[in-house]
$ cat upload.cif   # mmCIF, N, CA and C atoms and all ligand atoms
data_input
loop_
_atom_site.label_atom_id
_atom_site.label_comp_id
_atom_site.auth_asym_id
_atom_site.auth_seq_id
_atom_site.Cartn_x
_atom_site.Cartn_y
_atom_site.Cartn_z
N MET N 1 -17.59 -6.30 -17.16
CA MET N 1 -17.19 -4.94 -17.53
C MET N 1 -16.24 -5.02 -18.74
N THR N 2 -16.60 -4.42 -19.84
CA THR N 2 -15.73 -4.48 -21.02
C THR N 2 -15.23 -3.09 -21.43
N ASN N 3 -16.06 -2.07 -21.18
CA ASN N 3 -15.62 -0.72 -21.52
C ASN N 3 -15.64 0.19 -20.29
N CYS N 4 -14.72 1.12 -20.27
CA CYS N 4 -14.58 2.03 -19.14
C CYS N 4 -15.80 2.96 -19.04
N PRO N 5 -16.45 3.00 -17.87
CA PRO N 5 -17.62 3.89 -17.71
C PRO N 5 -17.24 5.37 -17.73
N ILE N 6 -15.96 5.66 -17.63
CA ILE N 6 -15.52 7.06 -17.61
C ILE N 6 -15.17 7.55 -19.02
N CYS N 7 -14.32 6.76 -19.73
CA CYS N 7 -13.85 7.24 -21.05
C CYS N 7 -14.22 6.29 -22.19
N ASN N 8 -14.92 5.18 -21.86
CA ASN N 8 -15.30 4.19 -22.86
C ASN N 8 -14.11 3.42 -23.45
N GLY N 9 -12.95 3.53 -22.78
CA GLY N 9 -11.77 2.80 -23.24
C GLY N 9 -11.85 1.32 -22.91
N ASN N 10 -10.86 0.58 -23.37
CA ASN N 10 -10.84 -0.86 -23.11
C ASN N 10 -10.39 -1.17 -21.69
N ILE N 11 -11.08 -2.14 -21.09
CA ILE N 11 -10.74 -2.55 -19.74
C ILE N 11 -10.15 -3.94 -19.77
N GLU N 12 -9.05 -4.11 -19.02
CA GLU N 12 -8.47 -5.46 -18.94
C GLU N 12 -8.11 -5.78 -17.51
N TYR N 13 -8.10 -7.08 -17.21
CA TYR N 13 -7.73 -7.53 -15.89
C TYR N 13 -6.23 -7.75 -15.86
N THR N 14 -5.55 -7.01 -14.98
CA THR N 14 -4.09 -7.12 -14.93
C THR N 14 -3.61 -6.76 -13.52
N THR N 15 -2.30 -6.83 -13.33
CA THR N 15 -1.71 -6.48 -12.04
C THR N 15 -0.77 -5.31 -12.24
N LYS N 16 -0.95 -4.28 -11.41
CA LYS N 16 -0.11 -3.09 -11.53
C LYS N 16 0.48 -2.72 -10.18
N PRO N 17 1.69 -2.14 -10.19
CA PRO N 17 2.23 -1.64 -8.93
C PRO N 17 1.47 -0.36 -8.53
N ILE N 18 0.98 -0.35 -7.30
CA ILE N 18 0.24 0.80 -6.80
C ILE N 18 1.01 1.36 -5.61
N VAL N 19 1.18 2.66 -5.58
CA VAL N 19 1.91 3.28 -4.47
C VAL N 19 0.93 3.90 -3.49
N TYR N 20 1.03 3.48 -2.23
CA TYR N 20 0.23 4.05 -1.15
C TYR N 20 1.14 4.89 -0.28
N ASN N 21 0.61 5.96 0.25
CA ASN N 21 1.39 6.72 1.22
C ASN N 21 0.85 6.44 2.61
N TYR N 22 1.74 6.03 3.48
CA TYR N 22 1.36 5.76 4.87
C TYR N 22 2.39 6.41 5.80
N ARG N 23 1.96 7.38 6.55
CA ARG N 23 2.83 8.09 7.49
C ARG N 23 4.16 8.50 6.84
N ASN N 24 4.06 9.13 5.71
CA ASN N 24 5.21 9.62 4.95
C ASN N 24 6.11 8.53 4.38
N HIS N 25 5.61 7.31 4.31
CA HIS N 25 6.34 6.24 3.65
C HIS N 25 5.54 5.84 2.41
N ASN N 26 6.25 5.63 1.32
CA ASN N 26 5.57 5.14 0.12
C ASN N 26 5.63 3.62 0.09
N LEU N 27 4.47 3.00 0.05
CA LEU N 27 4.39 1.55 0.01
C LEU N 27 3.94 1.14 -1.38
N THR N 28 4.70 0.26 -2.01
CA THR N 28 4.32 -0.22 -3.33
C THR N 28 3.81 -1.65 -3.22
N ILE N 29 2.62 -1.87 -3.69
CA ILE N 29 2.08 -3.23 -3.71
C ILE N 29 1.59 -3.55 -5.12
N ASN N 30 1.61 -4.83 -5.44
CA ASN N 30 1.11 -5.26 -6.74
C ASN N 30 -0.37 -5.56 -6.62
N GLN N 31 -1.17 -4.70 -7.23
CA GLN N 31 -2.62 -4.79 -7.10
C GLN N 31 -3.26 -5.32 -8.38
N SER N 32 -3.92 -6.47 -8.25
CA SER N 32 -4.67 -6.99 -9.39
C SER N 32 -6.05 -6.35 -9.44
N GLY N 33 -6.56 -6.17 -10.63
CA GLY N 33 -7.88 -5.60 -10.78
C GLY N 33 -8.14 -5.27 -12.24
N HIS N 34 -9.30 -4.69 -12.50
CA HIS N 34 -9.60 -4.22 -13.85
C HIS N 34 -9.08 -2.79 -14.00
N TYR N 35 -8.35 -2.56 -15.07
CA TYR N 35 -7.80 -1.23 -15.32
C TYR N 35 -8.16 -0.80 -16.74
N CYS N 36 -8.43 0.49 -16.86
CA CYS N 36 -8.69 1.05 -18.19
C CYS N 36 -7.36 1.33 -18.86
N SER N 37 -7.21 0.85 -20.09
CA SER N 37 -5.94 1.03 -20.79
C SER N 37 -5.77 2.46 -21.31
N GLN N 38 -6.86 3.24 -21.33
CA GLN N 38 -6.74 4.62 -21.81
C GLN N 38 -6.57 5.65 -20.69
N CYS N 39 -7.51 5.64 -19.73
CA CYS N 39 -7.42 6.67 -18.68
C CYS N 39 -6.78 6.16 -17.40
N ASN N 40 -6.42 4.86 -17.38
CA ASN N 40 -5.75 4.25 -16.23
C ASN N 40 -6.59 4.11 -14.97
N GLU N 41 -7.87 4.39 -15.08
CA GLU N 41 -8.75 4.24 -13.91
C GLU N 41 -8.75 2.76 -13.49
N SER N 42 -8.78 2.53 -12.16
CA SER N 42 -8.83 1.16 -11.68
C SER N 42 -10.22 0.82 -11.18
N PHE N 43 -10.62 -0.42 -11.37
CA PHE N 43 -11.91 -0.91 -10.88
C PHE N 43 -11.64 -2.18 -10.08
N LEU N 44 -11.58 -2.03 -8.76
CA LEU N 44 -11.20 -3.14 -7.90
C LEU N 44 -12.42 -3.77 -7.25
N SER N 45 -12.50 -5.08 -7.34
CA SER N 45 -13.60 -5.80 -6.70
C SER N 45 -13.23 -6.03 -5.23
N PRO N 46 -14.23 -6.38 -4.41
CA PRO N 46 -13.91 -6.70 -3.00
C PRO N 46 -12.85 -7.80 -2.90
N LYS N 47 -12.87 -8.74 -3.85
CA LYS N 47 -11.90 -9.84 -3.86
C LYS N 47 -10.48 -9.30 -4.15
N ASP N 48 -10.39 -8.36 -5.09
CA ASP N 48 -9.09 -7.75 -5.43
C ASP N 48 -8.52 -7.03 -4.21
N ILE N 49 -9.40 -6.32 -3.51
CA ILE N 49 -8.97 -5.54 -2.34
C ILE N 49 -8.54 -6.47 -1.21
N LYS N 50 -9.31 -7.54 -1.03
CA LYS N 50 -9.00 -8.50 0.03
C LYS N 50 -7.65 -9.17 -0.21
N ALA N 51 -7.31 -9.40 -1.48
CA ALA N 51 -6.08 -10.11 -1.83
C ALA N 51 -4.82 -9.36 -1.39
N THR N 52 -4.88 -8.05 -1.28
CA THR N 52 -3.70 -7.27 -0.92
C THR N 52 -3.79 -6.67 0.48
N LYS N 53 -4.90 -6.91 1.15
CA LYS N 53 -5.12 -6.30 2.47
C LYS N 53 -4.02 -6.67 3.47
N LYS N 54 -3.71 -7.98 3.52
CA LYS N 54 -2.72 -8.47 4.47
C LYS N 54 -1.35 -7.84 4.20
N GLU N 55 -1.00 -7.76 2.93
CA GLU N 55 0.29 -7.17 2.55
C GLU N 55 0.37 -5.71 2.98
N ILE N 56 -0.71 -4.97 2.77
CA ILE N 56 -0.74 -3.55 3.14
C ILE N 56 -0.64 -3.40 4.66
N ILE N 57 -1.44 -4.20 5.39
CA ILE N 57 -1.42 -4.13 6.86
C ILE N 57 -0.03 -4.48 7.39
N ASP N 58 0.60 -5.50 6.81
CA ASP N 58 1.95 -5.88 7.26
C ASP N 58 2.96 -4.76 7.02
N LEU N 59 2.85 -4.08 5.89
CA LEU N 59 3.75 -2.95 5.62
C LEU N 59 3.50 -1.82 6.63
N GLN N 60 2.23 -1.58 6.94
CA GLN N 60 1.90 -0.55 7.92
C GLN N 60 2.44 -0.94 9.30
N ARG N 61 2.28 -2.21 9.67
CA ARG N 61 2.78 -2.66 10.97
C ARG N 61 4.30 -2.50 11.05
N SER N 62 5.01 -2.80 9.95
CA SER N 62 6.46 -2.64 9.95
C SER N 62 6.84 -1.19 10.23
N ILE N 63 6.12 -0.27 9.62
CA ILE N 63 6.38 1.15 9.83
C ILE N 63 6.05 1.55 11.27
N ASP N 64 5.00 0.95 11.83
CA ASP N 64 4.59 1.25 13.21
C ASP N 64 5.37 0.44 14.25
N HIS N 65 6.36 -0.32 13.81
CA HIS N 65 7.15 -1.19 14.70
C HIS N 65 6.26 -2.16 15.47
N LEU N 66 5.35 -2.77 14.75
CA LEU N 66 4.51 -3.82 15.32
C LEU N 66 4.81 -5.12 14.58
N LEU N 67 4.61 -6.23 15.26
CA LEU N 67 4.83 -7.54 14.64
C LEU N 67 3.90 -7.70 13.44
N THR N 68 4.43 -8.27 12.35
CA THR N 68 3.59 -8.54 11.18
C THR N 68 2.74 -9.78 11.47
N THR N 69 1.80 -10.08 10.60
CA THR N 69 0.92 -11.24 10.78
C THR N 69 1.75 -12.52 10.95
N ASN N 70 2.77 -12.71 10.11
CA ASN N 70 3.58 -13.93 10.18
C ASN N 70 4.50 -13.96 11.40
N GLU N 71 5.06 -12.81 11.77
CA GLU N 71 5.93 -12.76 12.95
C GLU N 71 5.14 -13.12 14.21
N LEU N 72 3.94 -12.56 14.30
CA LEU N 72 3.08 -12.82 15.45
C LEU N 72 2.72 -14.31 15.52
N LYS N 73 2.36 -14.87 14.39
CA LYS N 73 2.01 -16.29 14.32
C LYS N 73 3.20 -17.17 14.71
N LYS N 74 4.39 -16.79 14.24
CA LYS N 74 5.61 -17.54 14.52
C LYS N 74 5.88 -17.58 16.04
N ILE N 75 5.71 -16.46 16.70
CA ILE N 75 5.94 -16.40 18.15
C ILE N 75 4.90 -17.26 18.87
N ARG N 76 3.64 -17.13 18.47
CA ARG N 76 2.59 -17.93 19.11
C ARG N 76 2.88 -19.42 18.98
N LYS N 77 3.33 -19.84 17.82
CA LYS N 77 3.63 -21.26 17.61
C LYS N 77 4.86 -21.69 18.41
N LYS N 78 5.84 -20.79 18.48
CA LYS N 78 7.07 -21.07 19.22
C LYS N 78 6.77 -21.34 20.70
N ILE N 79 5.82 -20.58 21.26
CA ILE N 79 5.49 -20.78 22.66
C ILE N 79 4.34 -21.78 22.83
N ASN N 80 4.03 -22.47 21.73
CA ASN N 80 3.09 -23.58 21.79
C ASN N 80 1.68 -23.26 22.25
N LEU N 81 1.16 -22.16 21.79
CA LEU N 81 -0.22 -21.81 22.12
C LEU N 81 -1.07 -21.87 20.86
N THR N 82 -2.29 -22.39 21.01
CA THR N 82 -3.23 -22.30 19.90
C THR N 82 -3.75 -20.86 19.88
N GLN N 83 -4.43 -20.49 18.82
CA GLN N 83 -5.02 -19.14 18.76
C GLN N 83 -5.96 -18.94 19.94
N GLU N 84 -6.71 -19.99 20.29
CA GLU N 84 -7.67 -19.91 21.41
C GLU N 84 -6.95 -19.75 22.74
N ASP N 85 -5.87 -20.56 22.96
CA ASP N 85 -5.07 -20.46 24.19
C ASP N 85 -4.54 -19.04 24.35
N ALA N 86 -3.98 -18.52 23.27
CA ALA N 86 -3.37 -17.18 23.31
C ALA N 86 -4.41 -16.12 23.64
N ALA N 87 -5.60 -16.27 23.05
CA ALA N 87 -6.66 -15.30 23.31
C ALA N 87 -7.14 -15.40 24.75
N THR N 88 -7.18 -16.61 25.29
CA THR N 88 -7.60 -16.80 26.68
C THR N 88 -6.59 -16.15 27.62
N LEU N 89 -5.31 -16.34 27.33
CA LEU N 89 -4.25 -15.80 28.19
C LEU N 89 -4.10 -14.28 28.06
N PHE N 90 -4.09 -13.80 26.83
CA PHE N 90 -3.78 -12.38 26.60
C PHE N 90 -5.01 -11.49 26.43
N GLY N 91 -6.18 -12.11 26.33
CA GLY N 91 -7.42 -11.34 26.19
C GLY N 91 -7.69 -10.90 24.76
N GLY N 92 -8.70 -10.11 24.60
CA GLY N 92 -9.02 -9.58 23.27
C GLY N 92 -10.16 -10.31 22.58
N GLY N 93 -10.71 -11.31 23.25
CA GLY N 93 -11.81 -12.06 22.62
C GLY N 93 -11.29 -13.34 22.01
N ILE N 94 -12.14 -14.34 21.89
CA ILE N 94 -11.76 -15.69 21.47
C ILE N 94 -11.10 -15.70 20.08
N ARG N 95 -11.51 -14.79 19.20
CA ARG N 95 -10.96 -14.77 17.83
C ARG N 95 -9.81 -13.75 17.66
N ALA N 96 -9.36 -13.19 18.78
CA ALA N 96 -8.35 -12.12 18.71
C ALA N 96 -7.12 -12.49 17.89
N PHE N 97 -6.53 -13.65 18.20
CA PHE N 97 -5.28 -14.00 17.51
C PHE N 97 -5.53 -14.39 16.05
N HIS N 98 -6.70 -14.97 15.80
CA HIS N 98 -7.07 -15.23 14.40
C HIS N 98 -7.10 -13.90 13.63
N LYS N 99 -7.67 -12.90 14.25
CA LYS N 99 -7.76 -11.58 13.60
C LYS N 99 -6.38 -10.94 13.41
N TYR N 100 -5.52 -11.05 14.43
CA TYR N 100 -4.17 -10.46 14.30
C TYR N 100 -3.37 -11.14 13.19
N GLU N 101 -3.59 -12.45 13.04
CA GLU N 101 -2.79 -13.22 12.07
C GLU N 101 -3.35 -13.18 10.66
N THR N 102 -4.57 -12.68 10.51
CA THR N 102 -5.14 -12.55 9.17
C THR N 102 -5.32 -11.08 8.78
N ALA N 103 -4.77 -10.18 9.61
CA ALA N 103 -4.81 -8.74 9.35
C ALA N 103 -6.22 -8.15 9.45
N GLU N 104 -7.11 -8.89 10.09
CA GLU N 104 -8.47 -8.39 10.29
C GLU N 104 -8.47 -7.33 11.39
N ALA N 105 -7.52 -7.46 12.32
CA ALA N 105 -7.33 -6.47 13.38
C ALA N 105 -5.85 -6.42 13.69
N THR N 106 -5.42 -5.34 14.33
CA THR N 106 -4.01 -5.22 14.70
C THR N 106 -3.88 -5.23 16.22
N GLN N 107 -2.90 -5.98 16.69
CA GLN N 107 -2.67 -6.09 18.12
C GLN N 107 -2.29 -4.74 18.73
N SER N 108 -2.56 -4.63 20.04
CA SER N 108 -2.21 -3.39 20.74
C SER N 108 -0.70 -3.35 20.96
N LYS N 109 -0.19 -2.15 21.18
CA LYS N 109 1.25 -1.98 21.43
C LYS N 109 1.69 -2.76 22.68
N PRO N 110 0.94 -2.69 23.82
CA PRO N 110 1.37 -3.46 24.99
C PRO N 110 1.45 -4.97 24.72
N LEU N 111 0.48 -5.52 24.00
CA LEU N 111 0.53 -6.95 23.67
C LEU N 111 1.73 -7.24 22.78
N ASP N 112 1.98 -6.36 21.84
CA ASP N 112 3.11 -6.52 20.92
C ASP N 112 4.42 -6.56 21.70
N ILE N 113 4.56 -5.65 22.66
CA ILE N 113 5.78 -5.59 23.49
C ILE N 113 5.92 -6.88 24.30
N LEU N 114 4.80 -7.32 24.90
CA LEU N 114 4.81 -8.53 25.70
C LEU N 114 5.25 -9.74 24.87
N LEU N 115 4.72 -9.86 23.66
CA LEU N 115 5.08 -10.98 22.79
C LEU N 115 6.56 -10.92 22.40
N ARG N 116 7.07 -9.73 22.17
CA ARG N 116 8.49 -9.57 21.83
C ARG N 116 9.38 -9.97 23.01
N LEU N 117 8.97 -9.61 24.23
CA LEU N 117 9.73 -9.96 25.42
C LEU N 117 9.76 -11.47 25.63
N ILE N 118 8.62 -12.11 25.37
CA ILE N 118 8.55 -13.57 25.49
C ILE N 118 9.43 -14.20 24.41
N ASP N 119 9.34 -13.68 23.21
CA ASP N 119 10.11 -14.21 22.08
C ASP N 119 11.62 -14.12 22.32
N SER N 120 12.05 -13.05 22.98
CA SER N 120 13.49 -12.86 23.20
C SER N 120 13.93 -13.44 24.55
N ASN N 121 13.05 -14.24 25.17
CA ASN N 121 13.35 -14.92 26.44
C ASN N 121 13.65 -13.97 27.60
N LYS N 122 13.15 -12.74 27.50
CA LYS N 122 13.32 -11.80 28.61
C LYS N 122 12.36 -12.17 29.74
N ILE N 123 11.18 -12.66 29.35
CA ILE N 123 10.24 -13.20 30.33
C ILE N 123 9.69 -14.51 29.77
N SER N 124 9.29 -15.38 30.65
CA SER N 124 8.78 -16.68 30.20
C SER N 124 7.26 -16.67 30.18
N LEU N 125 6.72 -17.66 29.51
CA LEU N 125 5.28 -17.81 29.46
C LEU N 125 4.75 -18.09 30.87
N ASP N 126 5.56 -18.79 31.68
CA ASP N 126 5.18 -19.05 33.07
C ASP N 126 5.08 -17.75 33.87
N ASP N 127 6.02 -16.83 33.61
CA ASP N 127 5.94 -15.51 34.27
C ASP N 127 4.59 -14.85 33.96
N VAL N 128 4.22 -14.93 32.70
CA VAL N 128 2.96 -14.31 32.27
C VAL N 128 1.80 -15.01 32.95
N ARG N 129 1.81 -16.32 32.94
CA ARG N 129 0.71 -17.10 33.54
C ARG N 129 0.57 -16.80 35.03
N ARG N 130 1.69 -16.62 35.71
CA ARG N 130 1.63 -16.34 37.16
C ARG N 130 0.92 -15.03 37.47
N VAL N 131 1.15 -14.03 36.66
CA VAL N 131 0.51 -12.73 36.95
C VAL N 131 -0.86 -12.60 36.27
N ALA N 132 -1.15 -13.47 35.31
CA ALA N 132 -2.40 -13.35 34.57
C ALA N 132 -3.61 -13.95 35.28
N VAL N 133 -3.35 -14.86 36.20
CA VAL N 133 -4.49 -15.55 36.86
C VAL N 133 -5.29 -14.62 37.76
ZN ZN A 1 -11.10 4.93 -18.95
#

$ encode --input "upload.cif" --output "structure tokens"
Amino acid sequence: MTNCPICNGNIEYTTKPIVYNYRNHNLTINQSGHYCSQCNESFLSPKDIKATKKEIIDLQRSIDHLLTTNELKKIRKKINLTQEDAATLFGGGIRAFHKYETAEATQSKPLDILLRLIDSNKISLDDVRRVAV
């Protein structure tokens, strides 16, 4: 793509701050993509969109008071569970934790609360295992 299909202006690959509105919060992310230097239209490839997906989901989770991808991963590692172990114990399908940690899916509120309780030592993993069987 060399010229803008809308105004025939010059197109260049660059990174721009983009503001998203989510539940009355403005989220600013740096979005790479092709932009028209005249009309400012953006042309984002699936790769460009994928590159910022995790960042956007994490910002949304922060607003929703849910663990971010890294926070969730940190807790899982702290309690010494593989993604598969965690999915077996907490449910959601074998790839559930992989999805939560790559922003492919977002964990449910009850699971989020449970993980926070385990993380703050309010309940132990053994407590969970005893009632999960
Ligand atoms: Zn244009």

$ residues_near_ligand --input "upload.cif" --ligand "ligand ZN 1 (chain A)" --cutoff "9 Å" --atoms "only C-alpha atoms and all ligand atoms" --output "VMD selection string"
chain N and resid 3 to 11 35 to 42

$ residues_around --input "upload.cif" --residues "N:His98" --least-positions-apart "4" --cutoff "6 Å" --atoms "all atoms listed in the file" --output "count of residues only"
3

$ residues_around --input "upload.cif" --residues "stretch 77-82 of chain N" --least-positions-apart "4" --cutoff "10 Å" --atoms "only C-alpha atoms" --output "PyMOL selection string"
chain N and resi 71-73+86-89+97-98+115+118-119+124-125

$ axis_aligned_box --input "upload.cif" --around "stretch 61-74 of chain N" --padding-each-side "8 Å" --output "lines of an AutoDock Vina configuration file"
center_x = 4.0
center_y = -8.0
center_z = 12.8
size_x = 22.2
size_y = 35.1
size_z = 22.4

$ residues_around --input "upload.cif" --residues "N:Ser32" --least-positions-apart "6" --cutoff "5 Å" --atoms "all atoms listed in the file" --output "PyMOL selection string"
chain N and resi 14-16

$ atom_distance --input "upload.cif" --atom1 "atom CA of N:Glu12" --atom2 "atom CA of N:Lys53"
21.7 Å

$ atom_distance --input "upload.cif" --atom1 "atom N of N:Ile57" --atom2 "atom N of N:Leu111"
18.8 Å

$ atom_distance --input "upload.cif" --atom1 "atom C of N:Pro46" --atom2 "atom C of N:Tyr20"
19.1 Å

$ closest_residue --input "upload.cif" --among "N:Glu101, N:Asp127, N:His65, N:Gln31" --to "N:Ile49" --atoms "only N, CA and C atoms"
N:Gln31

$ residues_around --input "upload.cif" --residues "N:Ile63" --least-positions-apart "2" --cutoff "12 Å" --atoms "only C-alpha atoms" --output "list of chain:residue names"
N:Asn21, N:Tyr22, N:Arg23, N:Asn24, N:His25, N:Asn26, N:Leu27, N:Ile56, N:Ile57, N:Asp58, N:Leu59, N:Gln60, N:Arg61, N:His65, N:Leu66, N:Leu67, N:Thr68

$ closest_residue --input "upload.cif" --among "N:Ile75, N:Ala51, N:Ser45, N:Phe90" --to "N:Arg116" --atoms "only N, CA and C atoms"
N:Ile75
